[in-house]
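protein36.cif (mmCIF, C-alpha atoms (C1' of nucleotides)) appears below.
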```
data_my_file
#
loop_
_atom_site.label_atom_id
_atom_site.label_comp_id
_atom_site.auth_asym_id
_atom_site.auth_seq_id
_atom_site.Cartn_x
_atom_site.Cartn_y
_atom_site.Cartn_z
CA MET A 1 102.83 155.97 159.99
CA GLU A 2 105.83 158.27 159.78
CA LYS A 3 106.74 157.09 163.23
CA ILE A 4 107.25 153.56 161.97
CA ILE A 5 109.58 154.63 159.20
CA ASP A 6 111.56 156.87 161.53
CA SER A 7 111.96 154.17 164.13
CA ILE A 8 113.21 151.82 161.46
CA LYS A 9 115.68 154.37 160.18
CA ASN A 10 116.99 154.71 163.71
CA LYS A 11 117.34 150.98 164.13
CA LEU A 12 119.35 150.82 160.92
CA ARG A 13 121.61 153.65 162.03
CA GLU A 14 122.15 152.10 165.46
CA ASN A 15 123.40 148.96 163.78
CA ASP A 16 125.65 150.62 161.21
CA LEU A 17 123.32 149.58 158.44
CA ARG A 18 122.60 151.78 155.44
CA LEU A 19 119.22 152.99 154.19
CA THR A 20 119.49 152.00 150.55
CA SER A 21 116.82 152.59 147.94
CA GLN A 22 116.22 148.83 147.83
CA ARG A 23 115.53 148.67 151.55
CA GLN A 24 113.21 151.67 151.30
CA ALA A 25 111.30 150.09 148.44
CA ILE A 26 110.83 146.81 150.31
CA LEU A 27 109.77 148.65 153.45
CA GLN A 28 107.23 150.63 151.44
CA ILE A 29 105.67 147.44 150.13
CA LEU A 30 105.59 145.83 153.57
CA LEU A 31 103.73 148.88 154.85
CA GLU A 32 101.33 149.02 151.94
CA TYR A 33 100.50 145.29 152.05
CA ARG A 34 100.53 145.17 155.81
CA HIS A 35 97.99 142.40 156.24
CA ALA A 36 98.85 140.35 153.18
CA HIS A 37 101.47 138.02 154.70
CA LEU A 38 103.60 138.27 151.58
CA SER A 39 105.88 135.54 150.31
CA VAL A 40 109.32 136.49 149.03
CA GLU A 41 108.23 135.96 145.46
CA GLU A 42 105.08 138.05 145.83
CA LEU A 43 107.07 140.87 147.36
CA TYR A 44 109.67 140.54 144.63
CA ASN A 45 107.06 140.68 141.88
CA ILE A 46 105.40 143.77 143.35
CA ALA A 47 108.73 145.51 143.76
CA HIS A 48 109.76 144.57 140.25
CA GLU A 49 107.06 146.74 138.68
CA HIS A 50 108.65 149.93 139.93
CA TYR A 51 112.16 148.64 140.48
CA PRO A 52 113.06 146.20 137.70
CA GLU A 53 116.76 145.93 138.59
CA LEU A 54 116.04 144.65 142.09
CA GLY A 55 117.41 141.13 142.58
CA ILE A 56 115.62 138.45 144.54
CA ALA A 57 118.76 137.80 146.60
CA THR A 58 118.46 141.36 147.87
CA VAL A 59 114.87 140.68 148.91
CA TYR A 60 115.99 137.67 150.91
CA ARG A 61 118.89 139.55 152.48
CA THR A 62 116.77 142.59 153.30
CA LEU A 63 114.04 140.53 154.91
CA ASP A 64 116.62 138.63 156.96
CA THR A 65 118.05 141.95 158.12
CA PHE A 66 114.61 143.26 159.04
CA VAL A 67 113.80 140.09 160.96
CA GLU A 68 117.07 140.43 162.86
CA LEU A 69 116.14 144.00 163.75
CA GLY A 70 112.71 142.92 164.91
CA ILE A 71 111.00 144.99 162.24
CA VAL A 72 109.51 142.05 160.41
CA HIS A 73 108.05 138.73 161.50
CA LYS A 74 108.85 135.60 159.52
CA MET A 75 106.34 132.77 159.32
CA GLU A 76 107.88 129.47 158.32
CA PHE A 77 106.03 126.92 156.24
CA GLY A 78 107.00 123.37 155.50
CA ASP A 79 109.14 123.44 152.35
CA LYS A 80 106.75 125.97 150.77
CA GLY A 81 108.23 129.44 150.99
CA ALA A 82 108.14 131.53 154.16
CA ARG A 83 105.85 134.58 154.55
CA TYR A 84 106.63 137.92 156.11
CA GLU A 85 104.70 140.69 157.79
CA LEU A 86 105.53 143.93 159.57
CA ASN A 87 105.95 143.57 163.29
CA VAL A 88 103.70 146.48 164.19
CA ASP A 89 102.96 146.07 167.89
CA ASP A 90 106.26 145.98 169.76
CA GLY A 91 106.19 142.24 170.36
CA GLN A 92 103.27 142.56 172.77
CA HIS A 93 100.19 140.46 172.22
CA TYR A 94 101.29 139.07 168.94
CA HIS A 95 98.41 137.68 166.92
CA HIS A 96 98.13 134.13 165.65
CA HIS A 97 96.90 132.68 162.39
CA LEU A 98 94.24 130.49 160.88
CA PHE A 99 95.45 128.83 157.67
CA CYS A 100 92.87 127.70 155.15
CA ILE A 101 94.15 124.39 153.76
CA SER A 102 92.03 124.81 150.64
CA CYS A 103 92.50 128.37 149.34
CA GLY A 104 95.54 129.45 151.37
CA THR A 105 93.82 132.40 153.05
CA ILE A 106 95.42 133.46 156.31
CA ILE A 107 93.13 134.90 158.98
CA GLU A 108 94.51 136.66 162.05
CA PHE A 109 93.20 136.38 165.57
CA ASN A 110 94.33 137.66 168.93
CA ASP A 111 94.61 135.66 172.08
CA ASP A 112 95.83 136.06 175.63
CA LEU A 113 95.16 132.52 176.75
CA LEU A 114 98.69 131.42 176.05
CA GLU A 115 100.18 133.35 178.92
CA LYS A 116 98.72 130.98 181.49
CA LEU A 117 100.07 128.07 179.54
CA GLU A 118 103.52 129.60 179.40
CA GLU A 119 103.57 129.92 183.17
CA ARG A 120 102.69 126.28 183.50
CA ILE A 121 105.43 125.22 181.14
CA ILE A 122 108.04 127.29 182.92
CA ASN A 123 107.06 125.68 186.22
CA GLU A 124 106.76 122.14 184.97
CA SER A 125 109.65 121.83 182.52
CA LYS A 126 112.10 124.62 183.42
CA PHE A 127 112.03 125.52 179.75
CA LEU A 128 112.81 129.19 179.06
CA ILE A 129 110.28 130.41 176.50
CA LYS A 130 111.49 132.99 174.00
CA ASP A 131 108.83 132.77 171.32
CA HIS A 132 105.76 130.77 170.40
CA SER A 133 103.73 129.88 167.38
CA LEU A 134 100.12 128.84 167.39
CA ARG A 135 98.36 127.90 164.18
CA PHE A 136 95.03 126.40 163.34
CA TYR A 137 94.61 124.63 160.03
CA GLY A 138 91.21 124.13 158.48
CA LEU A 139 88.69 125.65 156.10
CA CYS A 140 87.71 129.30 155.92
CA TYR A 141 84.01 130.14 155.66
CA GLU A 142 84.15 130.69 151.90
CA CYS A 143 85.69 127.29 151.23
CA GLN A 144 83.14 125.60 153.49
CA GLN A 145 80.38 127.26 151.45
CA LYS A 146 81.84 125.76 148.29
CA GLY A 147 81.30 122.33 149.81
CA ILE A 148 84.99 121.55 150.20
CA GLU A 149 85.78 119.04 152.90
CA MET B 1 102.54 96.72 170.62
CA GLU B 2 101.32 94.04 168.27
CA LYS B 3 98.03 95.87 168.16
CA ILE B 4 99.66 98.86 166.51
CA ILE B 5 101.28 96.78 163.79
CA ASP B 6 98.07 94.90 163.13
CA SER B 7 95.99 98.05 162.89
CA ILE B 8 98.50 99.45 160.44
CA LYS B 9 98.40 96.30 158.34
CA ASN B 10 94.65 96.64 158.23
CA LYS B 11 94.83 100.25 157.18
CA LEU B 12 97.15 99.31 154.36
CA ARG B 13 94.87 96.51 153.22
CA GLU B 14 91.81 98.75 153.33
CA ASN B 15 93.53 101.16 150.99
CA ASP B 16 94.89 98.59 148.53
CA LEU B 17 98.42 99.27 149.70
CA ARG B 18 101.03 96.55 150.04
CA LEU B 19 103.05 95.62 153.08
CA THR B 20 106.51 95.64 151.56
CA SER B 21 109.71 94.88 153.45
CA GLN B 22 110.69 98.55 153.10
CA ARG B 23 107.48 99.72 154.77
CA GLN B 24 107.95 97.17 157.54
CA ALA B 25 111.53 98.29 158.15
CA ILE B 26 110.53 101.95 158.37
CA LEU B 27 107.64 101.10 160.67
CA GLN B 28 109.98 99.12 162.92
CA ILE B 29 112.30 102.11 163.25
CA LEU B 30 109.42 104.49 163.95
CA LEU B 31 108.30 102.17 166.75
CA GLU B 32 111.77 101.75 168.18
CA TYR B 33 112.58 105.46 168.12
CA ARG B 34 109.10 106.47 169.13
CA HIS B 35 110.06 109.64 170.99
CA ALA B 36 112.98 110.72 168.85
CA HIS B 37 111.15 112.90 166.30
CA LEU B 38 113.28 111.56 163.48
CA SER B 39 114.20 113.48 160.37
CA VAL B 40 114.06 111.71 157.01
CA GLU B 41 117.82 111.54 156.89
CA GLU B 42 118.15 110.13 160.40
CA LEU B 43 115.58 107.49 159.64
CA TYR B 44 117.28 106.72 156.35
CA ASN B 45 120.69 106.32 158.03
CA ILE B 46 119.32 104.00 160.70
CA ALA B 47 117.52 101.91 158.12
CA HIS B 48 120.59 101.79 155.92
CA GLU B 49 122.56 99.75 158.48
CA HIS B 50 120.30 96.75 158.09
CA TYR B 51 118.85 97.56 154.69
CA PRO B 52 121.57 99.10 152.51
CA GLU B 53 119.59 98.98 149.28
CA LEU B 54 116.80 101.17 150.64
CA GLY B 55 116.52 104.43 148.69
CA ILE B 56 115.78 107.76 150.31
CA ALA B 57 112.94 108.37 147.84
CA THR B 58 111.23 105.33 149.30
CA VAL B 59 111.59 106.79 152.79
CA TYR B 60 109.90 109.98 151.62
CA ARG B 61 107.14 108.12 149.81
CA THR B 62 106.54 105.74 152.72
CA LEU B 63 106.34 108.54 155.25
CA ASP B 64 103.92 110.43 153.01
CA THR B 65 101.78 107.33 152.77
CA PHE B 66 101.83 106.83 156.54
CA VAL B 67 100.90 110.46 157.11
CA GLU B 68 97.99 110.07 154.70
CA LEU B 69 96.82 107.01 156.63
CA GLY B 70 97.08 108.90 159.90
CA ILE B 71 99.75 106.53 161.21
CA VAL B 72 102.45 109.15 161.38
CA HIS B 73 102.52 112.82 162.27
CA LYS B 74 104.67 115.21 160.26
CA MET B 75 106.21 118.27 161.90
CA GLU B 76 107.22 120.93 159.42
CA PHE B 77 110.20 123.17 159.95
CA GLY B 78 111.22 126.25 158.03
CA ASP B 79 113.38 125.08 155.13
CA LYS B 80 115.19 122.66 157.47
CA GLY B 81 113.88 119.14 156.97
CA ALA B 82 110.60 117.91 158.45
CA ARG B 83 110.46 115.48 161.38
CA TYR B 84 108.14 112.54 161.88
CA GLU B 85 106.72 110.58 164.79
CA LEU B 86 104.22 107.78 165.26
CA ASN B 87 100.67 108.94 165.86
CA VAL B 88 100.08 106.73 168.88
CA ASP B 89 96.95 108.13 170.51
CA ASP B 90 94.14 108.10 167.97
CA GLY B 91 94.22 111.84 167.41
CA GLN B 92 92.94 112.53 170.92
CA HIS B 93 94.87 114.88 173.16
CA TYR B 94 97.74 115.30 170.82
CA HIS B 95 100.83 116.62 172.57
CA HIS B 96 102.70 119.77 171.63
CA HIS B 97 106.38 120.58 171.51
CA LEU B 98 109.01 122.79 173.07
CA PHE B 99 111.90 123.40 170.66
CA CYS B 100 115.26 124.32 172.12
CA ILE B 101 116.73 126.95 169.79
CA SER B 102 120.25 126.15 170.99
CA CYS B 103 120.69 122.36 171.00
CA GLY B 104 117.65 121.29 168.99
CA THR B 105 116.11 119.16 171.73
CA ILE B 106 112.39 118.66 171.38
CA ILE B 107 110.38 118.29 174.59
CA GLU B 108 106.79 117.10 174.56
CA PHE B 109 103.97 118.41 176.71
CA ASN B 110 100.27 117.79 176.90
CA ASP B 111 97.58 120.40 177.02
CA ASP B 112 93.83 120.65 176.97
CA LEU B 113 93.61 124.42 177.06
CA LEU B 114 93.31 124.71 173.31
CA GLU B 115 89.84 123.24 173.19
CA LYS B 116 88.29 126.36 174.71
CA LEU B 117 90.16 128.46 172.24
CA GLU B 118 88.95 126.36 169.33
CA GLU B 119 85.38 126.92 170.41
CA ARG B 120 85.93 130.64 170.47
CA ILE B 121 87.47 130.64 167.02
CA ILE B 122 84.62 128.61 165.56
CA ASN B 123 82.12 131.08 167.01
CA GLU B 124 83.96 134.24 166.09
CA SER B 125 85.37 133.46 162.66
CA LYS B 126 83.30 130.56 161.29
CA PHE B 127 86.59 128.87 160.55
CA LEU B 128 86.37 125.06 160.50
CA ILE B 129 89.38 123.75 162.42
CA LYS B 130 90.87 120.48 161.23
CA ASP B 131 94.25 120.54 162.93
CA HIS B 132 96.42 122.78 165.05
CA SER B 133 100.05 123.29 165.89
CA LEU B 134 101.37 124.91 169.03
CA ARG B 135 105.08 125.34 169.56
CA PHE B 136 107.18 127.15 172.09
CA TYR B 137 110.71 128.12 171.14
CA GLY B 138 113.32 128.79 173.77
CA LEU B 139 116.07 127.18 175.82
CA CYS B 140 115.91 123.82 177.54
CA TYR B 141 117.17 123.56 181.10
CA GLU B 142 120.56 122.13 180.07
CA CYS B 143 121.28 124.97 177.67
CA GLN B 144 120.28 127.55 180.27
CA GLN B 145 122.78 125.93 182.68
CA LYS B 146 125.51 126.37 180.08
CA GLY B 147 124.90 130.10 180.22
CA ILE B 148 123.49 130.31 176.70
CA GLU B 149 121.14 133.24 176.12
"C1'" DT C 1 137.12 157.16 150.64
"C1'" DT C 2 135.60 152.80 152.32
"C1'" DG C 3 133.10 149.22 154.09
"C1'" DG C 4 128.54 147.80 153.76
"C1'" DG C 5 125.10 146.56 149.96
"C1'" DT C 6 123.70 144.85 145.48
"C1'" DG C 7 122.95 141.98 141.12
"C1'" DC C 8 124.02 138.07 138.86
"C1'" DA C 9 124.56 133.39 138.34
"C1'" DA C 10 126.00 129.33 140.25
"C1'" DA C 11 125.60 126.35 144.17
"C1'" DC C 12 122.90 124.20 147.86
"C1'" DG C 13 119.84 120.98 150.27
"C1'" DG C 14 115.61 118.94 151.08
"C1'" DT C 15 112.10 116.92 148.38
"C1'" DT C 16 109.79 115.15 144.19
"C1'" DT C 17 109.44 112.73 139.86
"C1'" DG C 18 109.97 109.73 135.49
"C1'" DC C 19 111.01 105.44 134.29
"C1'" DA C 20 112.35 100.73 134.01
"C1'" DA C 21 112.70 96.79 136.92
"C1'" DG C 22 110.88 94.33 141.01
"C1'" DT C 23 107.43 92.10 143.92
"C1'" DA C 24 103.04 91.50 146.93
"C1'" DC C 25 98.78 89.74 146.27
"C1'" DG D 1 99.61 88.32 135.77
"C1'" DT D 2 98.66 92.87 137.26
"C1'" DA D 3 99.10 96.88 139.66
"C1'" DC D 4 101.40 98.79 143.23
"C1'" DT D 5 106.41 99.76 144.75
"C1'" DT D 6 110.97 100.56 144.46
"C1'" DG D 7 115.80 102.39 143.27
"C1'" DC D 8 118.21 105.43 140.69
"C1'" DA D 9 119.32 109.69 138.94
"C1'" DA D 10 117.77 113.80 137.26
"C1'" DA D 11 114.80 117.57 138.08
"C1'" DC D 12 112.71 120.96 141.26
"C1'" DC D 13 112.36 125.00 143.97
"C1'" DG D 14 113.11 128.02 147.67
"C1'" DT D 15 117.13 129.88 149.57
"C1'" DT D 16 122.12 131.01 150.06
"C1'" DT D 17 126.64 132.36 148.51
"C1'" DG D 18 130.91 134.14 145.95
"C1'" DC D 19 132.38 137.81 143.62
"C1'" DA D 20 132.97 142.03 141.16
"C1'" DC D 21 130.84 146.36 141.06
"C1'" DC D 22 128.21 150.10 143.38
"C1'" DC D 23 126.94 153.68 146.56
"C1'" DA D 24 125.52 155.68 151.36
"C1'" DA D 25 127.72 157.93 154.95
#
```
What would you get if you wrote out this structure as structure tokens?
Amino acid sequence: MEKIIDSIKNKLRENDLRLTSQRQAILQILLEYRHAHLSVEELYNIAHEHYPELGIATVYRTLDTFVELGIVHKMEFGDKGARYELNVDDGQHYHHHLFCISCGTIIEFNDDLLEKLEERIINESKFLIKDHSLRFYGLCYECQQKGIE
Amino acid sequence: MEKIIDSIKNKLRENDLRLTSQRQAILQILLEYRHAHLSVEELYNIAHEHYPELGIATVYRTLDTFVELGIVHKMEFGDKGARYELNVDDGQHYHHHLFCISCGTIIEFNDDLLEKLEERIINESKFLIKDHSLRFYGLCYECQQKGIE
DNA sequence: TTGGGTGCAAACGGTTTGCAAGTAC
DNA sequence: GTACTTGCAAACCGTTTGCACCCAA
């Protein structure tokens, strides 16, 4: 745990960025809600309880900074707000997501299958892959039980 | 070709929707630019040349309607506008996309690998999959040649 | 001390909506 | 004629930005 915070402090220092109380607070929340895939507004509301002066612009700017540093992963949604999560495992074997279209639950799952596919793409299209995103949309078990279709 | 238009007319009729000149014009453009992955604004600008009175709200509403009918596929982007394309093959073997992060080119590729993965997800998580989205982000061959990293 | 960081409020840009007028059926 | 559609402009909402003040190093 302490390792994560230290490594982040180092990354900030290396980039001439300052460890402000706002950045610490946001980091704290990202650690605490590690599997919650927080939206900006959710994070802002949580932070607000202990840090009422914090502005939402700062949340946006801080998250952008963290994404740039590779500390945080941003998940884009169509027009609805983006969601963020800590980038725990150094970019290796990044997990993917199942999005429940009824209740909004996000379930994580791991997969190695994509590597074969990446090789094929590189060979067939000469496309240089830097990142990928795989999502499945559907209904989580709970919503199915409720009879939602 | 005519088949597509007829099947769409039928779908409209079945749903008590009217075949207005605006819907026809938009359909025409979607057919003509079938592999262009048009944004709303691009489509609106093209339509405007021959149909200056057309409002952008109508473009949005028409595309929504077409998506609902399964005629059109919507690709969401983070905050940047969505893109649309005709849903030619009846939902079978839908192709995926390579997004060039430098020039914005979108390259299509087909894949069947995902079916195995879907099976695994259904077994392991009881999640009912309705749709999926697989994207690779990187550099197309032309941008690599320009020395962009 | 000083340049990066913050809070505020206004601006932005894609998308949606209310409403009166238009038109396919 | 009736209900679905449309055009317009205003509203929306997540996000960004300009600017004066603040504070970490």
Hand me chain A as it sits after a least-squares fit onto chain B over every Cα, paired in order, written as an mmCIF file with C-alpha atoms, keeping the file's coordinate frame.
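Saved file result04.cif follows:
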```cif
data_model
loop_
_atom_site.group_PDB
_atom_site.id
_atom_site.type_symbol
_atom_site.label_atom_id
_atom_site.label_comp_id
_atom_site.auth_asym_id
_atom_site.auth_seq_id
_atom_site.Cartn_x
_atom_site.Cartn_y
_atom_site.Cartn_z
ATOM 1 C CA MET A 1 102.549 96.751 170.636
ATOM 2 C CA GLU A 2 101.367 94.010 168.308
ATOM 3 C CA LYS A 3 98.072 95.813 168.162
ATOM 4 C CA ILE A 4 99.699 98.809 166.524
ATOM 5 C CA ILE A 5 101.329 96.745 163.817
ATOM 6 C CA ASP A 6 98.127 94.832 163.142
ATOM 7 C CA SER A 7 96.056 97.971 162.884
ATOM 8 C CA ILE A 8 98.545 99.382 160.429
ATOM 9 C CA LYS A 9 98.485 96.233 158.350
ATOM 10 C CA ASN A 10 94.719 96.534 158.203
ATOM 11 C CA LYS A 11 94.871 100.148 157.142
ATOM 12 C CA LEU A 12 97.231 99.209 154.327
ATOM 13 C CA ARG A 13 94.968 96.396 153.182
ATOM 14 C CA GLU A 14 91.877 98.608 153.291
ATOM 15 C CA ASN A 15 93.586 101.011 150.935
ATOM 16 C CA ASP A 16 94.952 98.443 148.493
ATOM 17 C CA LEU A 17 98.465 99.159 149.645
ATOM 18 C CA ARG A 18 101.100 96.455 149.974
ATOM 19 C CA LEU A 19 103.146 95.550 153.047
ATOM 20 C CA THR A 20 106.616 95.588 151.543
ATOM 21 C CA SER A 21 109.804 94.837 153.429
ATOM 22 C CA GLN A 22 110.762 98.508 153.097
ATOM 23 C CA ARG A 23 107.557 99.660 154.752
ATOM 24 C CA GLN A 24 108.014 97.106 157.530
ATOM 25 C CA ALA A 25 111.570 98.249 158.142
ATOM 26 C CA ILE A 26 110.561 101.912 158.356
ATOM 27 C CA LEU A 27 107.663 101.071 160.650
ATOM 28 C CA GLN A 28 110.007 99.110 162.903
ATOM 29 C CA ILE A 29 112.292 102.107 163.257
ATOM 30 C CA LEU A 30 109.404 104.481 163.934
ATOM 31 C CA LEU A 31 108.281 102.169 166.725
ATOM 32 C CA GLU A 32 111.740 101.733 168.173
ATOM 33 C CA TYR A 33 112.563 105.466 168.124
ATOM 34 C CA ARG A 34 109.080 106.471 169.129
ATOM 35 C CA HIS A 35 109.992 109.640 170.983
ATOM 36 C CA ALA A 36 112.917 110.734 168.850
ATOM 37 C CA HIS A 37 111.064 112.899 166.304
ATOM 38 C CA LEU A 38 113.229 111.570 163.497
ATOM 39 C CA SER A 39 114.150 113.509 160.390
ATOM 40 C CA VAL A 40 114.056 111.734 157.041
ATOM 41 C CA GLU A 41 117.821 111.569 156.929
ATOM 42 C CA GLU A 42 118.131 110.170 160.446
ATOM 43 C CA LEU A 43 115.568 107.510 159.669
ATOM 44 C CA TYR A 44 117.319 106.752 156.401
ATOM 45 C CA ASN A 45 120.698 106.388 158.089
ATOM 46 C CA ILE A 46 119.326 104.051 160.757
ATOM 47 C CA ALA A 47 117.559 101.939 158.169
ATOM 48 C CA HIS A 48 120.652 101.836 156.004
ATOM 49 C CA GLU A 49 122.606 99.824 158.573
ATOM 50 C CA HIS A 50 120.367 96.808 158.174
ATOM 51 C CA TYR A 51 118.944 97.602 154.764
ATOM 52 C CA PRO A 52 121.665 99.130 152.583
ATOM 53 C CA GLU A 53 119.685 98.997 149.325
ATOM 54 C CA LEU A 54 116.890 101.173 150.690
ATOM 55 C CA GLY A 55 116.610 104.436 148.746
ATOM 56 C CA ILE A 56 115.840 107.761 150.353
ATOM 57 C CA ALA A 57 113.021 108.362 147.860
ATOM 58 C CA THR A 58 111.312 105.305 149.312
ATOM 59 C CA VAL A 59 111.630 106.789 152.795
ATOM 60 C CA TYR A 60 109.937 109.964 151.626
ATOM 61 C CA ARG A 61 107.206 108.065 149.797
ATOM 62 C CA THR A 62 106.597 105.696 152.699
ATOM 63 C CA LEU A 63 106.349 108.496 155.226
ATOM 64 C CA ASP A 64 103.941 110.383 152.965
ATOM 65 C CA THR A 65 101.815 107.247 152.719
ATOM 66 C CA PHE A 66 101.845 106.773 156.484
ATOM 67 C CA VAL A 67 100.881 110.397 157.055
ATOM 68 C CA GLU A 68 97.995 109.991 154.621
ATOM 69 C CA LEU A 69 96.841 106.937 156.556
ATOM 70 C CA GLY A 70 97.066 108.806 159.831
ATOM 71 C CA ILE A 71 99.738 106.467 161.145
ATOM 72 C CA VAL A 72 102.440 109.089 161.345
ATOM 73 C CA HIS A 73 102.484 112.766 162.253
ATOM 74 C CA LYS A 74 104.616 115.161 160.233
ATOM 75 C CA MET A 75 106.114 118.232 161.868
ATOM 76 C CA GLU A 76 107.124 120.902 159.396
ATOM 77 C CA PHE A 77 110.106 123.150 159.950
ATOM 78 C CA GLY A 78 111.103 126.215 158.025
ATOM 79 C CA ASP A 79 113.324 125.049 155.159
ATOM 80 C CA LYS A 80 115.123 122.640 157.519
ATOM 81 C CA GLY A 81 113.828 119.129 156.996
ATOM 82 C CA ALA A 82 110.543 117.897 158.452
ATOM 83 C CA ARG A 83 110.387 115.443 161.394
ATOM 84 C CA TYR A 84 108.097 112.489 161.871
ATOM 85 C CA GLU A 85 106.675 110.552 164.777
ATOM 86 C CA LEU A 86 104.181 107.738 165.247
ATOM 87 C CA ASN A 87 100.651 108.900 165.822
ATOM 88 C CA VAL A 88 100.033 106.695 168.838
ATOM 89 C CA ASP A 89 96.906 108.090 170.477
ATOM 90 C CA ASP A 90 94.113 108.083 167.909
ATOM 91 C CA GLY A 91 94.236 111.818 167.288
ATOM 92 C CA GLN A 92 92.887 112.562 170.761
ATOM 93 C CA HIS A 93 94.767 114.944 172.995
ATOM 94 C CA TYR A 94 97.703 115.314 170.727
ATOM 95 C CA HIS A 95 100.760 116.634 172.523
ATOM 96 C CA HIS A 96 102.655 119.776 171.614
ATOM 97 C CA HIS A 97 106.339 120.588 171.509
ATOM 98 C CA LEU A 98 108.991 122.759 173.060
ATOM 99 C CA PHE A 99 111.873 123.387 170.648
ATOM 100 C CA CYS A 100 115.251 124.290 172.082
ATOM 101 C CA ILE A 101 116.710 126.919 169.740
ATOM 102 C CA SER A 102 120.224 126.120 170.932
ATOM 103 C CA CYS A 103 120.653 122.325 170.942
ATOM 104 C CA GLY A 104 117.590 121.279 168.929
ATOM 105 C CA THR A 105 116.068 119.135 171.681
ATOM 106 C CA ILE A 106 112.333 118.635 171.352
ATOM 107 C CA ILE A 107 110.341 118.266 174.568
ATOM 108 C CA GLU A 108 106.731 117.087 174.550
ATOM 109 C CA PHE A 109 103.933 118.406 176.699
ATOM 110 C CA ASN A 110 100.219 117.797 176.887
ATOM 111 C CA ASP A 111 97.552 120.416 177.056
ATOM 112 C CA ASP A 112 93.786 120.679 177.012
ATOM 113 C CA LEU A 113 93.586 124.445 177.142
ATOM 114 C CA LEU A 114 93.284 124.756 173.404
ATOM 115 C CA GLU A 115 89.794 123.348 173.267
ATOM 116 C CA LYS A 116 88.296 126.467 174.810
ATOM 117 C CA LEU A 117 90.182 128.569 172.336
ATOM 118 C CA GLU A 118 88.924 126.508 169.432
ATOM 119 C CA GLU A 119 85.347 127.091 170.522
ATOM 120 C CA ARG A 120 85.966 130.799 170.602
ATOM 121 C CA ILE A 121 87.457 130.805 167.141
ATOM 122 C CA ILE A 122 84.592 128.821 165.685
ATOM 123 C CA ASN A 123 82.126 131.308 167.160
ATOM 124 C CA GLU A 124 84.008 134.449 166.277
ATOM 125 C CA SER A 125 85.401 133.691 162.823
ATOM 126 C CA LYS A 126 83.279 130.834 161.432
ATOM 127 C CA PHE A 127 86.555 129.110 160.668
ATOM 128 C CA LEU A 128 86.297 125.305 160.587
ATOM 129 C CA ILE A 129 89.283 123.940 162.501
ATOM 130 C CA LYS A 130 90.760 120.677 161.259
ATOM 131 C CA ASP A 131 94.153 120.683 162.932
ATOM 132 C CA HIS A 132 96.356 122.880 165.075
ATOM 133 C CA SER A 133 99.978 123.344 165.911
ATOM 134 C CA LEU A 134 101.323 124.931 169.040
ATOM 135 C CA ARG A 135 105.042 125.353 169.559
ATOM 136 C CA PHE A 136 107.167 127.132 172.082
ATOM 137 C CA TYR A 137 110.691 128.107 171.135
ATOM 138 C CA GLY A 138 113.323 128.771 173.751
ATOM 139 C CA LEU A 139 116.085 127.160 175.776
ATOM 140 C CA CYS A 140 115.929 123.783 177.473
ATOM 141 C CA TYR A 141 117.223 123.520 181.040
ATOM 142 C CA GLU A 142 120.575 122.075 179.975
ATOM 143 C CA CYS A 143 121.296 124.920 177.573
ATOM 144 C CA GLN A 144 120.321 127.492 180.200
ATOM 145 C CA GLN A 145 122.820 125.867 182.576
ATOM 146 C CA LYS A 146 125.547 126.312 179.981
ATOM 147 C CA GLY A 147 124.913 130.046 180.128
ATOM 148 C CA ILE A 148 123.490 130.284 176.621
ATOM 149 C CA GLU A 149 121.166 133.202 176.072
#
```
For range 3-17 of chain D, work out the shell of residues within 10 Å, counting only C-alpha atoms (C1' of nucleotides) and skipping chain neighbours fewer than 6 positions away, then give it as a tab-separated table (two decimals) with C-alpha atoms (C1' of nucleotides), in the frame of the given file.
```
chain	number	residue	atom	x	y	z
A	40	VAL	CA	109.32	136.49	149.03
A	41	GLU	CA	108.23	135.96	145.46
A	57	ALA	CA	118.76	137.80	146.60
A	60	TYR	CA	115.99	137.67	150.91
A	61	ARG	CA	118.89	139.55	152.48
A	79	ASP	CA	109.14	123.44	152.35
A	80	LYS	CA	106.75	125.97	150.77
A	81	GLY	CA	108.23	129.44	150.99
A	82	ALA	CA	108.14	131.53	154.16
B	16	ASP	CA	94.89	98.59	148.53
B	17	LEU	CA	98.42	99.27	149.70
B	18	ARG	CA	101.03	96.55	150.04
B	19	LEU	CA	103.05	95.62	153.08
B	20	THR	CA	106.51	95.64	151.56
B	22	GLN	CA	110.69	98.55	153.10
B	53	GLU	CA	119.59	98.98	149.28
B	54	LEU	CA	116.80	101.17	150.64
B	55	GLY	CA	116.52	104.43	148.69
B	56	ILE	CA	115.78	107.76	150.31
B	57	ALA	CA	112.94	108.37	147.84
B	58	THR	CA	111.23	105.33	149.30
B	61	ARG	CA	107.14	108.12	149.81
B	62	THR	CA	106.54	105.74	152.72
B	79	ASP	CA	113.38	125.08	155.13
C	10	DA	C1'	126.00	129.33	140.25
C	11	DA	C1'	125.60	126.35	144.17
C	12	DC	C1'	122.90	124.20	147.86
C	13	DG	C1'	119.84	120.98	150.27
C	14	DG	C1'	115.61	118.94	151.08
C	15	DT	C1'	112.10	116.92	148.38
C	16	DT	C1'	109.79	115.15	144.19
C	17	DT	C1'	109.44	112.73	139.86
C	18	DG	C1'	109.97	109.73	135.49
C	19	DC	C1'	111.01	105.44	134.29
C	21	DA	C1'	112.70	96.79	136.92
C	22	DG	C1'	110.88	94.33	141.01
C	23	DT	C1'	107.43	92.10	143.92
C	24	DA	C1'	103.04	91.50	146.93
C	25	DC	C1'	98.78	89.74	146.27
```
Restrict the calculation to all atoms listed in the file, then for each residue of chain C with any atom at most 9 Å from an atom of chain A give the closest atom pair and their distance in Å to one decimal, rows by chain and rising residue number, as a Markdown table.
```
| residue | atom | partner | partner_atom | distance |
| --- | --- | --- | --- | --- |
| C:DG4 | C1' | A:Leu17 | CA | 7.2 |
| C:DG5 | C1' | A:Thr20 | CA | 7.8 |
| C:DT6 | C1' | A:Thr58 | CA | 6.7 |
| C:DG7 | C1' | A:Gly55 | CA | 5.8 |
| C:DC8 | C1' | A:Gly55 | CA | 8.2 |
| C:DG14 | C1' | A:Asp79 | CA | 8.0 |
| C:DT15 | C1' | A:Asp79 | CA | 8.2 |
```
